[in-house]
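Undergrad: Below you'll find my_file.tsv; it's TSV, C-alpha atoms and all ligand atoms.
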chain	number	residue	atom	x	y	z
A	1	MET	CA	8.44	33.47	37.52
A	2	LYS	CA	7.66	30.06	38.98
A	3	LYS	CA	4.09	30.29	37.77
A	4	PHE	CA	5.32	31.27	34.31
A	5	LEU	CA	7.61	28.23	34.15
A	6	LYS	CA	4.76	26.02	35.25
A	7	ILE	CA	2.55	27.32	32.43
A	8	VAL	CA	5.33	26.84	29.87
A	9	PHE	CA	5.86	23.33	31.14
A	10	ILE	CA	2.15	22.49	30.86
A	11	ILE	CA	1.98	23.92	27.34
A	12	LEU	CA	5.02	21.90	26.28
A	13	LEU	CA	3.49	18.79	27.79
A	14	CYS	CA	0.25	19.34	25.85
A	15	LEU	CA	2.14	19.95	22.59
A	16	THR	CA	4.23	16.83	23.06
A	17	PHE	CA	1.14	14.79	23.76
A	18	THR	CA	-0.69	16.17	20.70
A	19	ALA	CA	2.33	15.52	18.49
A	20	ALA	CA	2.62	11.96	19.80
A	21	VAL	CA	-1.06	11.30	19.14
A	22	LEU	CA	-0.83	12.74	15.61
A	23	TYR	CA	2.32	10.77	14.88
A	24	PHE	CA	0.78	7.53	16.06
A	25	TRP	CA	-2.40	8.20	14.14
A	26	MET	CA	-0.50	9.03	10.92
A	27	ASN	CA	1.41	5.78	11.07
A	28	ALA	CA	-1.22	3.48	12.46
A	29	ARG	CA	-2.17	0.92	9.86
A	30	THR	CA	-5.41	-0.20	11.37
A	31	SER	CA	-7.00	2.97	12.68
A	32	GLN	CA	-8.44	5.61	10.49
A	33	VAL	CA	-10.86	8.34	11.37
A	34	PHE	CA	-12.68	8.61	8.08
A	35	GLY	CA	-13.37	6.00	5.52
A	36	ASN	CA	-12.42	2.47	5.03
A	37	LEU	CA	-9.00	1.04	5.75
A	38	THR	CA	-7.80	-2.54	5.44
A	39	ALA	CA	-4.40	-3.92	6.47
A	40	LYS	CA	-5.49	-7.57	6.61
A	41	VAL	CA	-8.66	-9.44	5.78
A	42	ASN	CA	-10.44	-11.28	8.53
A	43	THR	CA	-10.76	-14.89	7.32
A	44	THR	CA	-9.84	-18.45	8.27
A	45	GLU	CA	-9.24	-19.48	4.64
A	46	LYS	CA	-5.67	-19.85	3.45
A	47	ILE	CA	-5.76	-16.87	1.11
A	48	VAL	CA	-3.46	-13.86	0.85
A	49	ALA	CA	-2.76	-10.94	-1.47
A	50	LEU	CA	0.66	-10.08	-2.82
A	51	THR	CA	0.98	-6.33	-3.49
A	52	PHE	CA	3.67	-4.25	-5.16
A	53	ASP	CA	4.12	-0.50	-4.75
A	54	ASP	CA	5.39	2.20	-7.14
A	55	GLY	CA	6.19	2.26	-10.82
A	56	PRO	CA	5.52	0.81	-13.27
A	57	THR	CA	9.25	0.70	-14.02
A	58	ALA	CA	11.42	-1.36	-16.38
A	59	ASN	CA	11.26	-4.18	-13.80
A	60	THR	CA	7.59	-4.78	-14.61
A	61	PRO	CA	8.06	-7.45	-17.34
A	62	GLU	CA	10.25	-9.53	-15.01
A	63	ILE	CA	7.71	-9.27	-12.19
A	64	LEU	CA	4.92	-10.33	-14.57
A	65	LYS	CA	7.04	-13.22	-15.85
A	66	TYR	CA	7.37	-14.59	-12.29
A	67	LEU	CA	3.62	-14.26	-11.74
A	68	SER	CA	2.74	-15.96	-15.05
A	69	GLU	CA	5.23	-18.79	-14.51
A	70	GLN	CA	3.41	-19.76	-11.33
A	71	ASN	CA	0.00	-18.78	-12.66
A	72	VAL	CA	-0.85	-16.24	-9.96
A	73	LYS	CA	-2.11	-12.67	-9.86
A	74	ALA	CA	-0.95	-9.77	-7.75
A	75	THR	CA	-2.01	-6.18	-7.12
A	76	PHE	CA	0.12	-3.30	-8.38
A	77	PHE	CA	-0.30	0.06	-6.61
A	78	VAL	CA	1.06	2.28	-9.36
A	79	VAL	CA	2.09	5.93	-9.45
A	80	GLY	CA	-0.02	7.86	-11.99
A	81	GLU	CA	2.90	9.85	-13.38
A	82	SER	CA	4.97	6.69	-14.01
A	83	LEU	CA	1.98	4.96	-15.57
A	84	GLU	CA	1.38	7.91	-17.89
A	85	LYS	CA	5.01	7.62	-19.07
A	86	ASN	CA	4.81	3.83	-19.44
A	87	PRO	CA	1.30	2.99	-20.63
A	88	GLU	CA	2.48	-0.28	-22.23
A	89	LEU	CA	3.67	-1.53	-18.82
A	90	GLY	CA	0.26	-0.76	-17.35
A	91	LYS	CA	-1.42	-2.66	-20.16
A	92	ALA	CA	0.91	-5.61	-19.58
A	93	ILE	CA	-0.13	-5.71	-15.89
A	94	PHE	CA	-3.79	-5.71	-16.87
A	95	GLU	CA	-3.28	-8.33	-19.60
A	96	GLN	CA	-1.46	-10.66	-17.20
A	97	GLY	CA	-4.66	-10.63	-15.12
A	98	SER	CA	-3.26	-8.71	-12.19
A	99	GLU	CA	-5.02	-5.79	-10.58
A	100	LEU	CA	-4.07	-2.10	-10.62
A	101	GLY	CA	-4.45	0.18	-7.63
A	102	ASN	CA	-3.86	3.90	-7.05
A	103	HIS	CA	-0.65	4.98	-5.28
A	104	SER	CA	-1.15	8.73	-6.00
A	105	TYR	CA	-0.01	10.68	-9.05
A	106	THR	CA	3.31	12.18	-7.91
A	107	HIS	CA	4.15	10.05	-4.85
A	108	GLN	CA	4.48	12.97	-2.43
A	109	ARG	CA	3.82	12.79	1.25
A	110	MET	CA	0.15	13.64	1.41
A	111	VAL	CA	-0.11	14.58	5.04
A	112	PHE	CA	-1.43	18.15	5.46
A	113	LYS	CA	-2.08	18.54	1.72
A	114	SER	CA	-5.16	20.42	0.51
A	115	PRO	CA	-8.32	18.55	-0.50
A	116	SER	CA	-8.03	19.83	-4.09
A	117	PHE	CA	-4.45	18.55	-4.35
A	118	ILE	CA	-5.42	15.11	-3.05
A	119	SER	CA	-8.49	15.00	-5.23
A	120	SER	CA	-6.41	15.68	-8.35
A	121	GLU	CA	-3.72	13.16	-7.32
A	122	LEU	CA	-6.31	10.41	-6.98
A	123	GLY	CA	-8.44	11.41	-9.97
A	124	LYS	CA	-5.57	11.69	-12.46
A	125	THR	CA	-4.16	8.32	-11.45
A	126	ASN	CA	-7.57	6.66	-11.75
A	127	GLU	CA	-7.83	8.03	-15.30
A	128	GLU	CA	-4.43	6.54	-16.22
A	129	ILE	CA	-5.41	3.19	-14.69
A	130	ARG	CA	-8.61	3.09	-16.75
A	131	LYS	CA	-6.56	3.61	-19.93
A	132	THR	CA	-4.84	0.25	-19.32
A	133	GLY	CA	-8.19	-1.48	-19.76
A	134	PHE	CA	-8.57	-2.35	-16.08
A	135	ALA	CA	-12.29	-2.04	-15.30
A	136	GLY	CA	-12.37	-3.39	-11.74
A	137	VAL	CA	-12.62	-1.51	-8.46
A	138	ILE	CA	-9.60	0.78	-7.95
A	139	ASN	CA	-8.31	0.83	-4.39
A	140	PHE	CA	-5.94	3.37	-2.89
A	141	ARG	CA	-2.63	3.01	-1.07
A	142	PRO	CA	-1.13	6.25	0.27
A	143	PRO	CA	2.52	7.03	-0.56
A	144	TYR	CA	4.81	6.26	2.39
A	145	GLY	CA	1.83	4.71	4.15
A	146	LYS	CA	1.04	8.08	5.68
A	147	LYS	CA	-2.49	9.29	5.95
A	148	LEU	CA	-4.27	11.99	7.86
A	149	LEU	CA	-7.65	13.66	7.82
A	150	PHE	CA	-8.36	14.63	4.21
A	151	LEU	CA	-6.61	11.71	2.62
A	152	PRO	CA	-8.83	8.79	3.64
A	153	TRP	CA	-11.83	11.10	3.64
A	154	TYR	CA	-11.25	11.99	0.01
A	155	ALA	CA	-10.50	8.44	-1.01
A	156	ASN	CA	-13.73	7.41	0.66
A	157	LYS	CA	-15.61	10.28	-0.99
A	158	LEU	CA	-14.39	9.03	-4.35
A	159	GLY	CA	-15.65	5.59	-3.36
A	160	MET	CA	-12.15	4.21	-2.85
A	161	LYS	CA	-10.97	1.92	-0.10
A	162	THR	CA	-7.57	2.47	1.49
A	163	ILE	CA	-5.46	-0.67	1.43
A	164	MET	CA	-2.47	-1.00	3.75
A	165	TRP	CA	-0.58	-4.21	4.55
A	166	ASN	CA	0.33	-6.37	7.52
A	167	ILE	CA	3.50	-8.00	6.18
A	168	GLU	CA	6.45	-5.83	5.22
A	169	VAL	CA	10.14	-6.69	5.09
A	170	ASP	CA	12.87	-4.12	5.84
A	171	SER	CA	14.94	-3.12	2.85
A	172	ASN	CA	18.59	-4.22	2.66
A	173	LYS	CA	17.66	-7.86	3.12
A	174	SER	CA	18.58	-10.62	0.68
A	175	SER	CA	15.85	-12.22	-1.40
A	176	ASP	CA	16.15	-15.39	0.72
A	177	GLN	CA	15.72	-13.38	3.94
A	178	ILE	CA	12.74	-11.55	2.47
A	179	ALA	CA	11.07	-14.79	1.42
A	180	LYS	CA	11.77	-16.40	4.78
A	181	TYR	CA	10.32	-13.44	6.69
A	182	VAL	CA	7.13	-13.46	4.62
A	183	LEU	CA	6.71	-17.23	4.87
A	184	ASP	CA	7.36	-17.23	8.65
A	185	ASN	CA	4.85	-14.45	9.30
A	186	VAL	CA	2.05	-15.08	6.81
A	187	SER	CA	-1.42	-15.97	8.09
A	188	PRO	CA	-4.88	-16.25	6.49
A	189	GLY	CA	-5.99	-12.89	5.07
A	190	SER	CA	-2.51	-11.33	5.02
A	191	ILE	CA	-1.72	-8.46	2.69
A	192	ILE	CA	1.96	-8.64	1.76
A	193	ILE	CA	3.87	-5.62	0.43
A	194	LEU	CA	7.04	-5.83	-1.67
A	195	HIS	CA	8.95	-3.11	-3.54
A	196	PRO	CA	10.27	-4.90	-6.66
A	197	MET	CA	9.98	-1.83	-8.91
A	198	TYR	CA	13.23	-0.40	-7.54
A	199	ASN	CA	14.63	-3.09	-5.27
A	200	ARG	CA	16.47	-6.06	-6.80
A	201	SER	CA	16.17	-8.27	-3.68
A	202	ASP	CA	12.42	-7.71	-3.52
A	203	LEU	CA	12.20	-8.59	-7.21
A	204	GLU	CA	14.17	-11.82	-6.80
A	205	ALA	CA	12.15	-12.73	-3.72
A	206	ILE	CA	8.90	-12.89	-5.72
A	207	PRO	CA	9.26	-16.45	-7.16
A	208	LYS	CA	10.47	-17.72	-3.75
A	209	VAL	CA	7.58	-16.09	-1.90
A	210	ILE	CA	5.02	-17.47	-4.37
A	211	ALA	CA	6.47	-20.99	-4.30
A	212	GLY	CA	6.66	-20.96	-0.50
A	213	LEU	CA	3.10	-19.69	-0.09
A	214	LYS	CA	1.81	-22.41	-2.41
A	215	GLU	CA	3.79	-25.00	-0.46
A	216	GLN	CA	2.04	-23.84	2.71
A	217	GLY	CA	-1.29	-24.27	0.93
A	218	TYR	CA	-2.05	-20.60	0.32
A	219	ASN	CA	-3.97	-19.25	-2.65
A	220	LEU	CA	-2.81	-15.89	-3.96
A	221	LEU	CA	-5.68	-13.53	-4.75
A	222	THR	CA	-5.87	-9.93	-5.89
A	223	VAL	CA	-6.84	-7.36	-3.25
A	224	ASN	CA	-10.40	-7.12	-4.58
A	225	GLU	CA	-10.79	-10.90	-4.55
A	226	LEU	CA	-9.38	-11.08	-1.03
A	227	LEU	CA	-11.77	-8.37	0.20
A	228	GLU	CA	-14.72	-10.50	-0.90
A	229	HIS	CA	-13.71	-13.02	1.76
A	230	GLN	CA	-13.81	-10.51	4.63
A	231	GLN	CA	-15.73	-12.05	7.52
A	232	LYS	CA	-17.75	-9.61	9.56
B	1	ZN	ZN	5.48	4.10	-2.72
How does this structure look as structure tokens?

TA:
Amino acid sequence: MKKFLKIVFIILLCLTFTAAVLYFWMNARTSQVFGNLTAKVNTTEKIVALTFDDGPTANTPEILKYLSEQNVKATFFVVGESLEKNPELGKAIFEQGSELGNHSYTHQRMVFKSPSFISSELGKTNEEIRKTGFAGVINFRPPYGKKLLFLPWYANKLGMKTIMWNIEVDSNKSSDQIAKYVLDNVSPGSIIILHPMYNRSDLEAIPKVIAGLKEQGYNLLTVNELLEHQQK
């Protein structure tokens, strides 16, 4: 009986350890087993990328207005399904000069999904992005920031880089608090994530973040432009 308990205990210990490793790996922003993952660009220049996830939604024109007013570009990681329903919003993003990235087609958690499912999620969204007129490199950002095994491998197989972020503000903050957090934590090469497609505070933080970054001497680049400055 004692021996049996010992074996059970050892098995439980192994399972816990494996689960902990998998959990850490899924959530880690800077480690990835396959492919190419960036959470921040290694540079000493005062350059950053502002990125927005989800949508496009009805908030898009207001976001673009803030960008145009201060003459900057951002990167929009859009959901293929939403883009298909709102092609004019996708075109508006492209025409403003901002960049479009792939945030999957249906915005499901993609951990433990089959390669064919992931392949279709990425491929369909890329097709929708091309319809906007955007001809640049399309990067990938996984929904919920989760990634495991097939996901980065497939993105990489399709020639896509996985772009994470190193500056994120908790939801339920005011636009002033969001802007302050970003401006206190920004550093050269930062990739900033905001969620203005559904979150009013994030939306209202945009002009404050841009003005503050400029005041600190930062240039706002798209993700592809920022990646060109990666120092080895
Ligand atoms: Zn998302």

Undergrad: Have a look at A:Leu15, A:Leu83, A:Ala92, A:Met110 and name the one nearest to A:Asn126; count all atoms listed in the file.

TA: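 Looking only at the distances to A:Asn126, the closest residue turns out to be A:Leu83.
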
Undergrad: Between A:Leu183, A:Ala135, A:Asn59, A:Thr51, which residue has the minimum interatomic distance to A:Lys214, considering only C-alpha atoms?

TA: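 Of A:Leu183, A:Ala135, A:Asn59, A:Thr51, the one nearest A:Lys214 is A:Leu183, counting only C-alpha atoms.
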
Undergrad: Which one of A:Glu228, A:Glu121, A:Glu88, A:Asp53 sits closest to A:Leu100 if you count all atoms listed in the file?

TA: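 For A:Leu100, the nearest of the given residues is A:Asp53.
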
Undergrad: Between atom CA of A:Asn36 and atom CA of A:Lys232, what distance in Å does the model show, to one decimal?

TA: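 About the pair atom CA of A:Asn36 and atom CA of A:Lys232: they are 14.0 Å apart.
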
Undergrad: For each of A:Leu5, A:Thr38, A:Ile47, A:Ser104, take the minimum atom-to-atom distance to ligand ZN 1 (chain B), counting all atoms listed in the file, then give the residue where this is smallest.

TA: A:Ser104

Undergrad: Just the number, please: distance in Å from atom CA of A:Glu225 to atom CA of A:Gly189, one decimal.

TA: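 Separation of atom CA of A:Glu225 and atom CA of A:Gly189: 10.9 Å.
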
Undergrad: If you count only C-alpha atoms, which residues fall within 10 Å of A:Ile167, apart from same-chain ones fewer than 4 positions away, as JSON, numbers by chain?

TA: {"A": [39, 40, 50, 181, 182, 183, 185, 186, 187, 190, 191, 192, 193, 194]}

Undergrad: Kindly output stretch 101-113 of chain A as a PDB file, in the coordinates of the input, after building N, CA, C and O atoms.

TA:
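This went into rebuild-v4.pdb:
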ATOM      1  N   GLY A 101      -3.941  -0.696  -8.681  1.00  0.00           N
ATOM      2  CA  GLY A 101      -4.450   0.180  -7.630  1.00  0.00           C
ATOM      3  C   GLY A 101      -3.760   1.531  -7.725  1.00  0.00           C
ATOM      4  O   GLY A 101      -2.782   1.698  -8.459  1.00  0.00           O
ATOM      5  N   ASN A 102      -4.281   2.498  -6.989  1.00  0.00           N
ATOM      6  CA  ASN A 102      -3.860   3.900  -7.050  1.00  0.00           C
ATOM      7  C   ASN A 102      -2.876   4.199  -5.914  1.00  0.00           C
ATOM      8  O   ASN A 102      -3.192   4.021  -4.741  1.00  0.00           O
ATOM      9  N   HIS A 103      -1.674   4.660  -6.286  1.00  0.00           N
ATOM     10  CA  HIS A 103      -0.650   4.980  -5.280  1.00  0.00           C
ATOM     11  C   HIS A 103      -0.271   6.466  -5.400  1.00  0.00           C
ATOM     12  O   HIS A 103       0.872   6.833  -5.198  1.00  0.00           O
ATOM     13  N   SER A 104      -1.270   7.279  -5.783  1.00  0.00           N
ATOM     14  CA  SER A 104      -1.150   8.730  -6.000  1.00  0.00           C
ATOM     15  C   SER A 104      -0.536   9.026  -7.363  1.00  0.00           C
ATOM     16  O   SER A 104      -0.074   8.116  -8.053  1.00  0.00           O
ATOM     17  N   TYR A 105      -0.515  10.290  -7.724  1.00  0.00           N
ATOM     18  CA  TYR A 105      -0.010  10.680  -9.050  1.00  0.00           C
ATOM     19  C   TYR A 105       1.478  11.042  -9.012  1.00  0.00           C
ATOM     20  O   TYR A 105       2.236  10.698  -9.912  1.00  0.00           O
ATOM     21  N   THR A 106       1.914  11.724  -7.957  1.00  0.00           N
ATOM     22  CA  THR A 106       3.310  12.180  -7.910  1.00  0.00           C
ATOM     23  C   THR A 106       4.103  11.590  -6.748  1.00  0.00           C
ATOM     24  O   THR A 106       5.269  11.936  -6.543  1.00  0.00           O
ATOM     25  N   HIS A 107       3.482  10.716  -5.969  1.00  0.00           N
ATOM     26  CA  HIS A 107       4.150  10.050  -4.850  1.00  0.00           C
ATOM     27  C   HIS A 107       4.785  11.036  -3.860  1.00  0.00           C
ATOM     28  O   HIS A 107       5.929  10.891  -3.433  1.00  0.00           O
ATOM     29  N   GLN A 108       4.028  12.053  -3.489  1.00  0.00           N
ATOM     30  CA  GLN A 108       4.480  12.970  -2.430  1.00  0.00           C
ATOM     31  C   GLN A 108       3.840  12.550  -1.124  1.00  0.00           C
ATOM     32  O   GLN A 108       2.809  11.907  -1.124  1.00  0.00           O
ATOM     33  N   ARG A 109       4.464  12.964  -0.047  1.00  0.00           N
ATOM     34  CA  ARG A 109       3.820  12.790   1.250  1.00  0.00           C
ATOM     35  C   ARG A 109       2.523  13.600   1.220  1.00  0.00           C
ATOM     36  O   ARG A 109       2.528  14.752   0.836  1.00  0.00           O
ATOM     37  N   MET A 110       1.430  12.966   1.596  1.00  0.00           N
ATOM     38  CA  MET A 110       0.150  13.640   1.410  1.00  0.00           C
ATOM     39  C   MET A 110      -0.451  14.137   2.715  1.00  0.00           C
ATOM     40  O   MET A 110      -1.578  14.593   2.761  1.00  0.00           O
ATOM     41  N   VAL A 111       0.350  14.059   3.761  1.00  0.00           N
ATOM     42  CA  VAL A 111      -0.110  14.580   5.040  1.00  0.00           C
ATOM     43  C   VAL A 111      -0.166  16.110   4.931  1.00  0.00           C
ATOM     44  O   VAL A 111       0.738  16.735   4.384  1.00  0.00           O
ATOM     45  N   PHE A 112      -1.229  16.708   5.455  1.00  0.00           N
ATOM     46  CA  PHE A 112      -1.430  18.150   5.460  1.00  0.00           C
ATOM     47  C   PHE A 112      -1.512  18.776   4.064  1.00  0.00           C
ATOM     48  O   PHE A 112      -1.197  19.950   3.871  1.00  0.00           O
ATOM     49  N   LYS A 113      -1.878  17.981   3.063  1.00  0.00           N
ATOM     50  CA  LYS A 113      -2.080  18.540   1.720  1.00  0.00           C
ATOM     51  C   LYS A 113      -3.548  18.961   1.578  1.00  0.00           C
ATOM     52  O   LYS A 113      -4.429  18.450   2.270  1.00  0.00           O
TER      53      LYS A 113
END
